[in-house]
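Structure file protein-v9.pdb (PDB, C-alpha atoms and all ligand atoms) is printed below.
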```
MODEL        1
ATOM      1  CA  MET P  25      49.436  35.462 -25.898
ATOM      2  CA  ASN P  26      49.470  38.570 -28.092
ATOM      3  CA  GLN P  27      46.210  39.736 -26.470
ATOM      4  CA  LEU P  28      47.935  39.880 -23.070
ATOM      5  CA  ASP P  29      49.474  43.094 -21.748
ATOM      6  CA  PRO P  30      51.650  42.437 -18.666
ATOM      7  CA  ALA P  31      51.007  45.993 -17.441
ATOM      8  CA  GLN P  32      47.252  45.262 -17.324
ATOM      9  CA  MET P  33      47.478  41.824 -15.731
ATOM     10  CA  SER P  34      47.571  40.296 -12.302
ATOM     11  CA  GLY P  35      49.667  37.136 -12.015
ATOM     12  CA  THR P  36      51.605  35.362 -14.722
ATOM     13  CA  VAL P  37      50.687  33.477 -17.879
ATOM     14  CA  MET P  38      53.396  31.147 -19.135
ATOM     15  CA  ALA P  39      53.177  29.557 -22.587
ATOM     16  CA  VAL P  40      55.374  26.560 -23.403
ATOM     17  CA  THR P  41      55.261  25.615 -27.059
ATOM     18  CA  ASP P  42      56.907  22.889 -29.113
ATOM     19  CA  VAL P  43      57.788  20.861 -26.052
ATOM     20  CA  SER P  44      58.934  17.803 -28.009
ATOM     21  CA  ARG P  45      61.651  18.940 -30.411
ATOM     22  CA  PRO P  46      62.286  15.592 -32.174
ATOM     23  CA  ALA P  47      58.549  15.127 -32.753
ATOM     24  CA  LEU P  48      58.349  18.638 -34.196
ATOM     25  CA  GLU P  49      61.332  18.057 -36.467
ATOM     26  CA  SER P  50      59.942  14.814 -37.839
ATOM     27  CA  MET P  51      56.350  16.195 -38.126
ATOM     28  CA  GLN P  52      54.838  13.390 -36.086
ATOM     29  CA  ARG P  53      53.929  12.865 -32.464
ATOM     30  CA  ARG P  54      56.447  10.188 -31.561
ATOM     31  CA  TRP P  55      60.053  10.730 -30.544
ATOM     32  CA  PRO P  56      62.643   8.497 -32.258
ATOM     33  CA  ASN P  57      64.603   6.642 -29.599
ATOM     34  CA  SER P  58      67.588   4.409 -30.323
ATOM     35  CA  GLY P  59      68.853   3.599 -26.818
ATOM     36  CA  ARG P  60      67.477   0.025 -26.851
ATOM     37  CA  GLY P  61      67.035  -0.472 -30.566
ATOM     38  CA  ALA P  62      64.835   1.465 -32.947
ATOM     39  CA  ASP P  63      61.773   2.747 -31.132
ATOM     40  CA  LEU P  64      59.240   5.566 -31.320
ATOM     41  CA  ILE P  65      57.972   7.082 -28.077
ATOM     42  CA  ASP P  66      54.895   9.245 -27.565
ATOM     43  CA  MET P  67      56.005  11.781 -24.959
ATOM     44  CA  ASN P  68      52.385  12.293 -23.946
ATOM     45  CA  ARG P  69      52.429   8.849 -22.357
ATOM     46  CA  GLU P  70      55.522   9.678 -20.266
ATOM     47  CA  TRP P  71      54.394  12.457 -17.884
ATOM     48  CA  PRO P  72      55.456  13.368 -15.237
ATOM     49  CA  GLY P  73      58.610  11.813 -16.663
ATOM     50  CA  ASN P  74      61.730  10.660 -14.886
ATOM     51  CA  GLU P  75      64.947  12.661 -14.987
ATOM     52  CA  ASN P  76      66.844   9.345 -14.817
ATOM     53  CA  GLY P  77      64.404   7.424 -17.009
ATOM     54  CA  PHE P  78      65.298   4.780 -19.588
ATOM     55  CA  THR P  79      64.511   6.952 -22.610
ATOM     56  CA  ALA P  80      65.328  10.478 -23.736
ATOM     57  CA  ALA P  81      61.612  11.252 -23.943
ATOM     58  CA  SER P  82      61.093  10.233 -20.301
ATOM     59  CA  ARG P  83      64.116  12.236 -19.128
ATOM     60  CA  HIS P  84      63.067  15.274 -21.147
ATOM     61  CA  ALA P  85      59.515  15.060 -19.743
ATOM     62  CA  GLY P  86      60.942  14.835 -16.216
ATOM     63  CA  LEU P  87      63.171  17.868 -16.688
ATOM     64  CA  VAL P  88      60.397  19.959 -18.249
ATOM     65  CA  PHE P  89      57.828  18.947 -15.635
ATOM     66  CA  ASN P  90      60.013  19.237 -12.521
ATOM     67  CA  ARG P  91      61.932  22.364 -13.423
ATOM     68  CA  LEU P  92      59.578  24.400 -15.601
ATOM     69  CA  LEU P  93      55.911  23.384 -15.524
ATOM     70  CA  ARG P  94      55.119  22.215 -11.977
ATOM     71  CA  PRO P  95      56.996  24.925 -10.017
ATOM     72  CA  ASN P  96      55.427  27.729 -12.060
ATOM     73  CA  ALA P  97      51.763  26.742 -12.346
ATOM     74  CA  ASP P  98      48.647  27.029 -10.177
ATOM     75  CA  PHE P  99      46.419  25.955 -13.103
ATOM     76  CA  ALA P 100      47.391  24.393 -16.417
ATOM     77  CA  ILE P 101      45.864  23.943 -19.873
ATOM     78  CA  ASP P 102      47.367  21.414 -22.291
ATOM     79  CA  PHE P 103      46.332  22.391 -25.822
ATOM     80  CA  HIS P 104      46.077  19.608 -28.410
ATOM     81  CA  THR P 105      44.762  18.746 -31.825
ATOM     82  CA  GLY P 106      43.701  15.419 -33.269
ATOM     83  CA  THR P 107      46.322  13.172 -34.815
ATOM     84  CA  THR P 108      47.517  12.883 -38.396
ATOM     85  CA  GLY P 109      44.877  11.096 -40.446
ATOM     86  CA  PHE P 110      42.206  11.520 -37.763
ATOM     87  CA  GLU P 111      40.091  14.622 -37.158
ATOM     88  CA  VAL P 112      38.213  15.510 -34.011
ATOM     89  CA  THR P 113      35.563  18.029 -32.984
ATOM     90  CA  ALA P 114      36.222  21.001 -30.722
ATOM     91  CA  PHE P 115      36.102  19.504 -27.223
ATOM     92  CA  ASN P 116      37.660  19.636 -23.776
ATOM     93  CA  ILE P 117      38.955  16.576 -21.943
ATOM     94  CA  ALA P 118      38.060  17.483 -18.362
ATOM     95  CA  GLU P 119      37.289  15.643 -15.141
ATOM     96  CA  MET P 120      33.967  17.242 -14.306
ATOM     97  CA  ASP P 121      33.832  15.881 -10.742
ATOM     98  CA  VAL P 122      36.703  18.236  -9.818
ATOM     99  CA  PRO P 123      35.051  21.642  -9.212
ATOM    100  CA  GLU P 124      38.079  23.754 -10.268
ATOM    101  CA  ILE P 125      38.378  21.818 -13.537
ATOM    102  CA  LYS P 126      34.638  21.864 -14.279
ATOM    103  CA  ALA P 127      34.542  25.644 -13.738
ATOM    104  CA  MET P 128      37.260  26.170 -16.359
ATOM    105  CA  ALA P 129      36.028  23.633 -18.921
ATOM    106  CA  GLU P 130      32.541  25.162 -18.939
ATOM    107  CA  LEU P 131      33.938  28.566 -19.959
ATOM    108  CA  TYR P 132      34.522  27.434 -23.559
ATOM    109  CA  PRO P 133      31.823  28.022 -26.206
ATOM    110  CA  ILE P 134      32.329  24.564 -27.706
ATOM    111  CA  GLY P 135      29.985  21.654 -28.227
ATOM    112  CA  GLN P 136      31.522  18.698 -26.416
ATOM    113  CA  ILE P 137      33.193  17.776 -23.122
ATOM    114  CA  PHE P 138      34.840  14.396 -22.626
ATOM    115  CA  ASP P 139      34.537  13.787 -18.889
ATOM    116  CA  ASN P 140      37.182  11.075 -18.611
ATOM    117  CA  PRO P 141      40.823  11.077 -17.453
ATOM    118  CA  THR P 142      41.955   9.257 -20.650
ATOM    119  CA  TYR P 143      45.448   7.730 -20.625
ATOM    120  CA  PRO P 144      47.307   7.596 -17.288
ATOM    121  CA  ASN P 145      50.533   9.390 -18.215
ATOM    122  CA  VAL P 146      49.223  12.290 -20.276
ATOM    123  CA  LEU P 147      50.284  15.756 -19.163
ATOM    124  CA  HIS P 148      47.001  16.990 -17.689
ATOM    125  CA  ASN P 149      46.829  13.937 -15.411
ATOM    126  CA  ALA P 150      50.380  14.599 -14.179
ATOM    127  CA  PHE P 151      49.369  18.172 -13.339
ATOM    128  CA  ASN P 152      46.237  16.970 -11.549
ATOM    129  CA  ALA P 153      48.255  14.418  -9.563
ATOM    130  CA  ALA P 154      50.554  17.255  -8.490
ATOM    131  CA  GLY P 155      47.563  19.265  -7.211
ATOM    132  CA  ILE P 156      47.458  21.644 -10.204
ATOM    133  CA  PRO P 157      43.948  21.573 -11.749
ATOM    134  CA  SER P 158      44.345  20.914 -15.461
ATOM    135  CA  PHE P 159      42.399  19.946 -18.559
ATOM    136  CA  CYS P 160      43.061  19.373 -22.222
ATOM    137  CA  PRO P 161      41.386  21.256 -25.080
ATOM    138  CA  GLU P 162      41.326  19.295 -28.347
ATOM    139  CA  ILE P 163      41.241  21.792 -31.205
ATOM    140  CA  GLY P 164      40.075  19.887 -34.260
ATOM    141  CA  ALA P 165      42.097  18.220 -36.968
ATOM    142  CA  ALA P 166      45.884  18.078 -36.885
ATOM    143  CA  ARG P 167      47.797  20.238 -39.367
ATOM    144  CA  HIS P 168      44.776  22.423 -40.205
ATOM    145  CA  LEU P 169      44.763  26.156 -39.500
ATOM    146  CA  ASP P 170      41.087  26.375 -38.564
ATOM    147  CA  LEU P 171      40.889  30.034 -37.514
ATOM    148  CA  GLU P 172      37.204  29.842 -36.631
ATOM    149  CA  MET P 173      37.698  26.909 -34.265
ATOM    150  CA  ILE P 174      40.913  28.376 -32.809
ATOM    151  CA  GLY P 175      38.932  31.557 -32.041
ATOM    152  CA  LEU P 176      36.503  29.596 -29.853
ATOM    153  CA  PHE P 177      39.384  28.279 -27.755
ATOM    154  CA  VAL P 178      41.024  31.718 -27.509
ATOM    155  CA  GLU P 179      37.696  33.093 -26.267
ATOM    156  CA  GLY P 180      37.357  30.264 -23.744
ATOM    157  CA  THR P 181      40.946  30.636 -22.548
ATOM    158  CA  MET P 182      40.526  34.401 -22.079
ATOM    159  CA  ASN P 183      37.409  33.531 -20.030
ATOM    160  CA  VAL P 184      39.561  31.243 -17.856
ATOM    161  CA  LEU P 185      42.041  34.084 -17.288
ATOM    162  CA  LYS P 186      39.139  36.382 -16.299
ATOM    163  CA  HIS P 187      37.717  33.668 -14.036
ATOM    164  CA  HIS P 188      41.036  33.576 -12.149
ATOM    165  CA  GLY P 189      41.324  37.382 -12.018
ATOM    166  CA  ILE P 190      44.413  37.476 -14.228
ATOM    167  CA  VAL P 191      42.844  39.822 -16.754
ATOM    168  CA  ALA P 192      39.851  42.125 -16.296
ATOM    169  CA  GLY P 193      36.835  42.546 -18.523
ATOM    170  CA  PRO P 194      33.519  40.912 -19.331
ATOM    171  CA  MET P 195      33.285  37.189 -20.033
ATOM    172  CA  GLY P 196      33.006  36.173 -23.677
ATOM    173  CA  ARG P 197      30.741  33.379 -24.857
ATOM    174  CA  THR P 198      30.880  30.253 -22.716
ATOM    175  CA  GLY P 199      29.377  26.778 -22.723
ATOM    176  CA  LYS P 200      26.093  28.398 -21.593
ATOM    177  CA  ASP P 201      25.807  30.034 -25.029
ATOM    178  CA  VAL P 202      26.041  26.788 -26.972
ATOM    179  CA  THR P 203      24.641  23.296 -26.552
ATOM    180  CA  VAL P 204      27.303  21.247 -24.803
ATOM    181  CA  PHE P 205      27.161  17.474 -24.951
ATOM    182  CA  VAL P 206      28.998  15.876 -22.026
ATOM    183  CA  GLY P 207      30.003  12.227 -22.339
ATOM    184  CA  ASN P 208      32.191  10.122 -20.087
ATOM    185  CA  SER P 209      33.225   7.464 -22.582
ATOM    186  CA  ALA P 210      34.181   7.221 -26.242
ATOM    187  CA  PHE P 211      32.871   4.253 -28.213
ATOM    188  CA  PRO P 212      35.508   3.169 -30.736
ATOM    189  CA  ILE P 213      34.677   1.821 -34.184
ATOM    190  CA  LEU P 214      37.633  -0.121 -35.592
ATOM    191  CA  ALA P 215      38.106  -1.208 -39.195
ATOM    192  CA  THR P 216      37.725  -4.942 -39.666
ATOM    193  CA  GLN P 217      38.681  -4.905 -43.359
ATOM    194  CA  GLY P 218      40.950  -3.004 -45.715
ATOM    195  CA  GLY P 219      39.506  -0.501 -48.163
ATOM    196  CA  LEU P 220      38.017   2.918 -48.775
ATOM    197  CA  VAL P 221      35.745   4.212 -46.031
ATOM    198  CA  GLU P 222      32.715   6.357 -46.743
ATOM    199  CA  TYR P 223      31.095   8.071 -43.760
ATOM    200  CA  LEU P 224      27.335   8.431 -43.474
ATOM    201  CA  VAL P 225      27.598  10.914 -40.578
ATOM    202  CA  LYS P 226      29.600  14.063 -39.872
ATOM    203  CA  LEU P 227      31.469  15.192 -36.780
ATOM    204  CA  ASN P 228      29.103  16.430 -34.031
ATOM    205  CA  ASP P 229      26.165  14.474 -35.535
ATOM    206  CA  LYS P 230      23.991  12.617 -33.061
ATOM    207  CA  VAL P 231      23.905   8.846 -33.590
ATOM    208  CA  GLU P 232      21.635   6.134 -32.229
ATOM    209  CA  PRO P 233      22.323   2.504 -31.307
ATOM    210  CA  GLY P 234      22.238   0.420 -34.465
ATOM    211  CA  GLN P 235      22.742   3.415 -36.753
ATOM    212  CA  LYS P 236      25.056   2.750 -39.670
ATOM    213  CA  VAL P 237      27.896   5.298 -39.596
ATOM    214  CA  ALA P 238      30.259   4.101 -42.333
ATOM    215  CA  VAL P 239      30.553   1.761 -45.307
ATOM    216  CA  GLN P 240      33.810   0.321 -46.586
ATOM    217  CA  ARG P 241      34.493  -0.773 -50.154
ATOM    218  CA  ASN P 242      37.321  -2.491 -51.938
ATOM    219  CA  SER P 243      38.908  -1.029 -55.073
ATOM    220  CA  PHE P 244      36.168  -2.581 -57.259
ATOM    221  CA  GLY P 245      33.430  -0.853 -55.290
ATOM    222  CA  ASP P 246      32.194  -3.983 -53.525
ATOM    223  CA  VAL P 247      31.030  -3.340 -49.976
ATOM    224  CA  VAL P 248      33.406  -5.237 -47.674
ATOM    225  CA  ALA P 249      32.173  -3.926 -44.332
ATOM    226  CA  GLU P 250      29.479  -1.790 -42.725
ATOM    227  CA  TYR P 251      29.992  -0.123 -39.370
ATOM    228  CA  THR P 252      27.284   0.729 -36.839
ATOM    229  CA  SER P 253      27.195   2.476 -33.499
ATOM    230  CA  SER P 254      26.314   0.469 -30.411
ATOM    231  CA  VAL P 255      25.606   3.588 -28.368
ATOM    232  CA  ALA P 256      23.556   6.792 -28.366
ATOM    233  CA  GLY P 257      25.910   9.740 -28.532
ATOM    234  CA  GLU P 258      27.664  12.251 -30.730
ATOM    235  CA  MET P 259      30.402  11.806 -33.283
ATOM    236  CA  THR P 260      33.591  13.163 -31.735
ATOM    237  CA  GLY P 261      36.323  11.843 -34.063
ATOM    238  CA  LYS P 262      36.643  10.240 -37.472
ATOM    239  CA  ARG P 263      39.429   9.029 -39.654
ATOM    240  CA  SER P 264      40.307  11.553 -42.359
ATOM    241  CA  ASP P 265      42.520   9.269 -44.456
ATOM    242  CA  ALA P 266      40.411   7.668 -47.183
ATOM    243  CA  MET P 267      41.939   4.196 -46.855
ATOM    244  CA  ALA P 268      41.793   2.089 -43.716
ATOM    245  CA  GLU P 269      43.206  -1.302 -42.857
ATOM    246  CA  PRO P 270      42.015  -3.708 -40.161
ATOM    247  CA  GLY P 271      42.507  -2.294 -36.680
ATOM    248  CA  ASN P 272      42.524   1.386 -37.681
ATOM    249  CA  PRO P 273      40.131   3.485 -35.585
ATOM    250  CA  LEU P 274      37.423   4.786 -37.932
ATOM    251  CA  ALA P 275      35.386   6.776 -35.455
ATOM    252  CA  PHE P 276      34.869   7.597 -31.811
ATOM    253  CA  ILE P 277      31.379   8.291 -30.520
ATOM    254  CA  LEU P 278      31.116  10.328 -27.323
ATOM    255  CA  PHE P 279      28.409   8.895 -25.070
ATOM    256  CA  HIS P 280      27.345   8.563 -21.465
ATOM    257  CA  LYS P 281      28.198   5.273 -19.819
ATOM    258  CA  ALA P 282      26.207   4.528 -16.656
ATOM    259  CA  THR P 283      29.157   3.034 -14.813
ATOM    260  CA  THR P 284      32.717   3.542 -15.958
ATOM    261  CA  GLU P 285      35.524   1.187 -15.029
ATOM    262  CA  GLY P 286      38.001   3.909 -14.056
ATOM    263  CA  VAL P 287      40.798   4.444 -16.536
ATOM    264  CA  GLU P 288      39.751   3.218 -19.962
ATOM    265  CA  THR P 289      42.219   2.332 -22.694
ATOM    266  CA  TYR P 290      41.502   3.478 -26.219
ATOM    267  CA  PRO P 291      42.915   2.097 -29.446
ATOM    268  CA  GLU P 292      45.280   4.498 -31.187
TER     269      GLU P 292
HETATM  270 ZN    ZN P 301      45.079  15.007 -27.456
ENDMDL
END
```
Since I need it in another form, could you write the structure as structure tokens?
Ligand SMILES: [Zn+2]
Amino acid sequence: MNQLDPAQMSGTVMAVTDVSRPALESMQRRWPNSGRGADLIDMNREWPGNENGFTAASRHAGLVFNRLLRPNADFAIDFHTGTTGFEVTAFNIAEMDVPEIKAMAELYPIGQIFDNPTYPNVLHNAFNAAGIPSFCPEIGAARHLDLEMIGLFVEGTMNVLKHHGIVAGPMGRTGKDVTVFVGNSAFPILATQGGLVEYLVKLNDKVEPGQKVAVQRNSFGDVVAEYTSSVAGEMTGKRSDAMAEPGNPLAFILFHKATTEGVETYPE
């Protein structure tokens, strides 16, 4: 935003930050809700919200979407990071069969695109359903100030503003200047045991079917589990907490699935 000079621009850029105050205050993504007993609600499963919804998070989402976001946007970008304890690469979540979305997503000099709508009630899907082309940059690990990675997304976002004629000037680096891997599905690897997890691959590494990606040990050093990929793809996310218990996602591998079954659900 501090690179933008209103006197030199055409159109309007609106930034909305810290949209979920309770989540911000408690330093976690979910909103404490006590209306029907103790509960924690992820507001990014509530869009477009409901101004008369059953929870404060739903009502807040409805108010923000109906009265601020939707009436003021022709295009929308929902910036994210990974979650606490889980780091991700630099990638865009973008539906590449929508020309307006593809054109924007390809303007980022980053290595991966996840061509999948992901969860139904996330914000970029609510925008798309309202006829406002939208996508979701995922900017690495949560709680890390990664200035190098942030710079790639600033460059890409300035490209998007140039693409729409909002600011003038030459395009920066785009997806054409890097090798972009586009996948339409994310293969999850879930812990089956408790213990310390050691990764044999890094984020953005290519993996092959049958390749071992992680080993898990108990506190005595005994191997309790080994984890392999079932797909050919690229590492897009991995758990950053050292310990894992059964059911925790350990890794997601971005890959191309020949036929997708529409909306896929991913373990969280
Ligand atoms: Zn996200």
Open item on the list: As a quick test: using only C-alpha atoms and all ligand atoms, which residues lie no more than 9 Å away from ligand ZN 301 (chain P)? Give them as a ChimeraX atom specification.
Closed with: /P:68,102-107,117,146,160-163
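For Leu176 of chain P, the list of residues within 12 Å, based on all atoms listed in the file and with local chain neighbours fewer than 2 positions off taken out, reads Ala114, Phe115, Asn116, Leu131, Tyr132, Pro133, Ile134, Gly135, Pro161, Glu162, Ile163, Gly164, Asp170, Leu171, Glu172, Met173, Ile174, Val178, Glu179, Gly180, Thr181, Met182, Asn183, Gly196, Arg197, Thr198, Gly199, Asp201 and Val202 of chain P.
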- [ ] Spell out the residues picked by the PyMOL selection byres (((chain P and resi 122-125) around 12) and not hetatm) here, as a ChimeraX atom specification.
- [x] /P:98-101,116-121,126-131,137,139-141,148-149,151-152,155-161,184,187-188
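For segment 273-282 of chain P, the list of residues within 7 Å, based on only C-alpha atoms and with local chain neighbours fewer than 4 positions off taken out, reads Gly207, Asn208, Ser209, Ala210, Phe211, Pro212, Ile213, Leu214, Ala215, Val255, Ala256, Gly257, Glu258, Met259, Thr260, Gly261, Lys262, Arg263, Pro291 and Glu292 of chain P.
By chain and then residue number, the residues within 7 Å of Ala238 of chain P are P:Val221, P:Glu222, P:Tyr223, P:Leu224, P:Glu250, P:Tyr251, counting only C-alpha atoms and disregarding those fewer than 4 positions away in sequence.
One finds atom CA of Asn26 of chain P at 18.1 Å from atom CA of Met195 of chain P.
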- [ ] Could you tell me which residues the PyMOL selection byres (((chain P and resi 56) around 9) and not hetatm) grabs in this file, written as number ranges by chain?
- [x] P: 46-47, 50, 54-55, 57-58, 62-65, 81
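With distances restricted to only C-alpha atoms, P:Ala154 is the closest residue to Asn90 of chain P from P:Arg60, P:Leu28, P:Ala154, P:Asn272.
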- [ ] Please indicate the distance in Å from atom CA of Asp42 of chain P to atom CA of Leu93 of chain P, rounded to one decimal place.
- [x] 13.6 Å
Task: Å distance separating atom CA of Ala192 of chain P from atom CA of Ser34 of chain P, one decimal place - done: 8.9 Å
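Ranking P:Gly61, P:Gly271, P:Gly109, P:Gly175 by their shortest atom-to-atom distance to Tyr290 of chain P, with only C-alpha atoms included, puts P:Gly271 first.
Among the candidate residues P:Lys186, P:Lys230, P:Lys200, P:Arg241, the one lying nearest to Gly35 of chain P is P:Lys186, with distances computed using all atoms listed in the file.
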TODO: Give me the result of the PyMOL selection byres (((chain P and resi 236) around 9) and not hetatm) on this file, residue by residue, as number ranges by chain.
DONE: P: 224-225, 231-235, 237-239, 250-253
Kindly output segment 107-137 of chain P as a PDB file, keeping the file's coordinate frame, after building N, CA and C atoms.
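Output contents, as saved in selection-v4.pdb:
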```pdb
ATOM      1  N   THR P 107      45.079  13.724 -34.287  1.00  0.00           N
ATOM      2  CA  THR P 107      46.322  13.172 -34.815  1.00  0.00           C
ATOM      3  C   THR P 107      46.271  13.140 -36.340  1.00  0.00           C
ATOM      4  N   THR P 108      47.426  12.958 -36.945  1.00  0.00           N
ATOM      5  CA  THR P 108      47.517  12.883 -38.396  1.00  0.00           C
ATOM      6  C   THR P 108      46.603  11.769 -38.911  1.00  0.00           C
ATOM      7  N   GLY P 109      45.782  12.094 -39.872  1.00  0.00           N
ATOM      8  CA  GLY P 109      44.877  11.096 -40.446  1.00  0.00           C
ATOM      9  C   GLY P 109      43.595  10.886 -39.662  1.00  0.00           C
ATOM     10  N   PHE P 110      43.403  11.693 -38.606  1.00  0.00           N
ATOM     11  CA  PHE P 110      42.206  11.520 -37.763  1.00  0.00           C
ATOM     12  C   PHE P 110      41.778  12.886 -37.257  1.00  0.00           C
ATOM     13  N   GLU P 111      40.544  13.301 -37.580  1.00  0.00           N
ATOM     14  CA  GLU P 111      40.091  14.622 -37.158  1.00  0.00           C
ATOM     15  C   GLU P 111      39.095  14.506 -36.015  1.00  0.00           C
ATOM     16  N   VAL P 112      39.113  15.516 -35.161  1.00  0.00           N
ATOM     17  CA  VAL P 112      38.213  15.510 -34.011  1.00  0.00           C
ATOM     18  C   VAL P 112      37.440  16.820 -33.969  1.00  0.00           C
ATOM     19  N   THR P 113      36.352  16.812 -33.188  1.00  0.00           N
ATOM     20  CA  THR P 113      35.563  18.029 -32.984  1.00  0.00           C
ATOM     21  C   THR P 113      36.327  18.963 -32.040  1.00  0.00           C
ATOM     22  N   ALA P 114      35.724  20.113 -31.776  1.00  0.00           N
ATOM     23  CA  ALA P 114      36.222  21.001 -30.722  1.00  0.00           C
ATOM     24  C   ALA P 114      35.686  20.465 -29.400  1.00  0.00           C
ATOM     25  N   PHE P 115      36.579  19.972 -28.531  1.00  0.00           N
ATOM     26  CA  PHE P 115      36.102  19.504 -27.223  1.00  0.00           C
ATOM     27  C   PHE P 115      37.173  19.683 -26.161  1.00  0.00           C
ATOM     28  N   ASN P 116      36.740  19.637 -24.903  1.00  0.00           N
ATOM     29  CA  ASN P 116      37.660  19.636 -23.776  1.00  0.00           C
ATOM     30  C   ASN P 116      37.645  18.263 -23.122  1.00  0.00           C
ATOM     31  N   ILE P 117      38.834  17.742 -22.807  1.00  0.00           N
ATOM     32  CA  ILE P 117      38.955  16.576 -21.943  1.00  0.00           C
ATOM     33  C   ILE P 117      39.070  17.125 -20.523  1.00  0.00           C
ATOM     34  N   ALA P 118      38.085  16.838 -19.687  1.00  0.00           N
ATOM     35  CA  ALA P 118      38.060  17.483 -18.362  1.00  0.00           C
ATOM     36  C   ALA P 118      37.344  16.581 -17.365  1.00  0.00           C
ATOM     37  N   GLU P 119      37.932  16.429 -16.198  1.00  0.00           N
ATOM     38  CA  GLU P 119      37.289  15.643 -15.141  1.00  0.00           C
ATOM     39  C   GLU P 119      36.290  16.530 -14.408  1.00  0.00           C
ATOM     40  N   MET P 120      35.006  16.314 -14.751  1.00  0.00           N
ATOM     41  CA  MET P 120      33.967  17.242 -14.306  1.00  0.00           C
ATOM     42  C   MET P 120      33.584  17.052 -12.841  1.00  0.00           C
ATOM     43  N   ASP P 121      34.111  16.018 -12.179  1.00  0.00           N
ATOM     44  CA  ASP P 121      33.832  15.881 -10.742  1.00  0.00           C
ATOM     45  C   ASP P 121      34.829  16.678  -9.896  1.00  0.00           C
ATOM     46  N   VAL P 122      35.780  17.352 -10.545  1.00  0.00           N
ATOM     47  CA  VAL P 122      36.703  18.236  -9.818  1.00  0.00           C
ATOM     48  C   VAL P 122      36.220  19.672 -10.051  1.00  0.00           C
ATOM     49  N   PRO P 123      35.707  20.344  -8.995  1.00  0.00           N
ATOM     50  CA  PRO P 123      35.051  21.642  -9.212  1.00  0.00           C
ATOM     51  C   PRO P 123      35.919  22.665  -9.948  1.00  0.00           C
ATOM     52  N   GLU P 124      37.222  22.752  -9.619  1.00  0.00           N
ATOM     53  CA  GLU P 124      38.079  23.754 -10.268  1.00  0.00           C
ATOM     54  C   GLU P 124      38.227  23.465 -11.761  1.00  0.00           C
ATOM     55  N   ILE P 125      38.234  22.182 -12.125  1.00  0.00           N
ATOM     56  CA  ILE P 125      38.378  21.818 -13.537  1.00  0.00           C
ATOM     57  C   ILE P 125      37.059  22.069 -14.276  1.00  0.00           C
ATOM     58  N   LYS P 126      35.951  21.658 -13.669  1.00  0.00           N
ATOM     59  CA  LYS P 126      34.638  21.864 -14.279  1.00  0.00           C
ATOM     60  C   LYS P 126      34.411  23.353 -14.555  1.00  0.00           C
ATOM     61  N   ALA P 127      34.774  24.204 -13.583  1.00  0.00           N
ATOM     62  CA  ALA P 127      34.542  25.644 -13.738  1.00  0.00           C
ATOM     63  C   ALA P 127      35.289  26.186 -14.956  1.00  0.00           C
ATOM     64  N   MET P 128      36.482  25.683 -15.211  1.00  0.00           N
ATOM     65  CA  MET P 128      37.260  26.170 -16.359  1.00  0.00           C
ATOM     66  C   MET P 128      36.723  25.588 -17.666  1.00  0.00           C
ATOM     67  N   ALA P 129      36.450  24.293 -17.676  1.00  0.00           N
ATOM     68  CA  ALA P 129      36.028  23.633 -18.921  1.00  0.00           C
ATOM     69  C   ALA P 129      34.711  24.205 -19.444  1.00  0.00           C
ATOM     70  N   GLU P 130      33.854  24.640 -18.528  1.00  0.00           N
ATOM     71  CA  GLU P 130      32.541  25.162 -18.939  1.00  0.00           C
ATOM     72  C   GLU P 130      32.620  26.588 -19.479  1.00  0.00           C
ATOM     73  N   LEU P 131      33.792  27.189 -19.461  1.00  0.00           N
ATOM     74  CA  LEU P 131      33.938  28.566 -19.959  1.00  0.00           C
ATOM     75  C   LEU P 131      34.255  28.614 -21.451  1.00  0.00           C
ATOM     76  N   TYR P 132      34.213  27.481 -22.118  1.00  0.00           N
ATOM     77  CA  TYR P 132      34.522  27.434 -23.559  1.00  0.00           C
ATOM     78  C   TYR P 132      33.232  27.286 -24.363  1.00  0.00           C
ATOM     79  N   PRO P 133      33.048  28.115 -25.392  1.00  0.00           N
ATOM     80  CA  PRO P 133      31.823  28.022 -26.206  1.00  0.00           C
ATOM     81  C   PRO P 133      31.927  26.929 -27.270  1.00  0.00           C
ATOM     82  N   ILE P 134      32.130  25.696 -26.799  1.00  0.00           N
ATOM     83  CA  ILE P 134      32.329  24.564 -27.706  1.00  0.00           C
ATOM     84  C   ILE P 134      31.352  23.448 -27.355  1.00  0.00           C
ATOM     85  N   GLY P 135      31.124  22.551 -28.298  1.00  0.00           N
ATOM     86  CA  GLY P 135      29.985  21.654 -28.227  1.00  0.00           C
ATOM     87  C   GLY P 135      30.137  20.358 -27.457  1.00  0.00           C
ATOM     88  N   GLN P 136      31.363  20.003 -27.069  1.00  0.00           N
ATOM     89  CA  GLN P 136      31.522  18.698 -26.416  1.00  0.00           C
ATOM     90  C   GLN P 136      32.531  18.775 -25.263  1.00  0.00           C
ATOM     91  N   ILE P 137      32.238  17.988 -24.220  1.00  0.00           N
ATOM     92  CA  ILE P 137      33.193  17.776 -23.122  1.00  0.00           C
ATOM     93  C   ILE P 137      33.316  16.271 -22.915  1.00  0.00           C
TER      94      ILE P 137
END
```
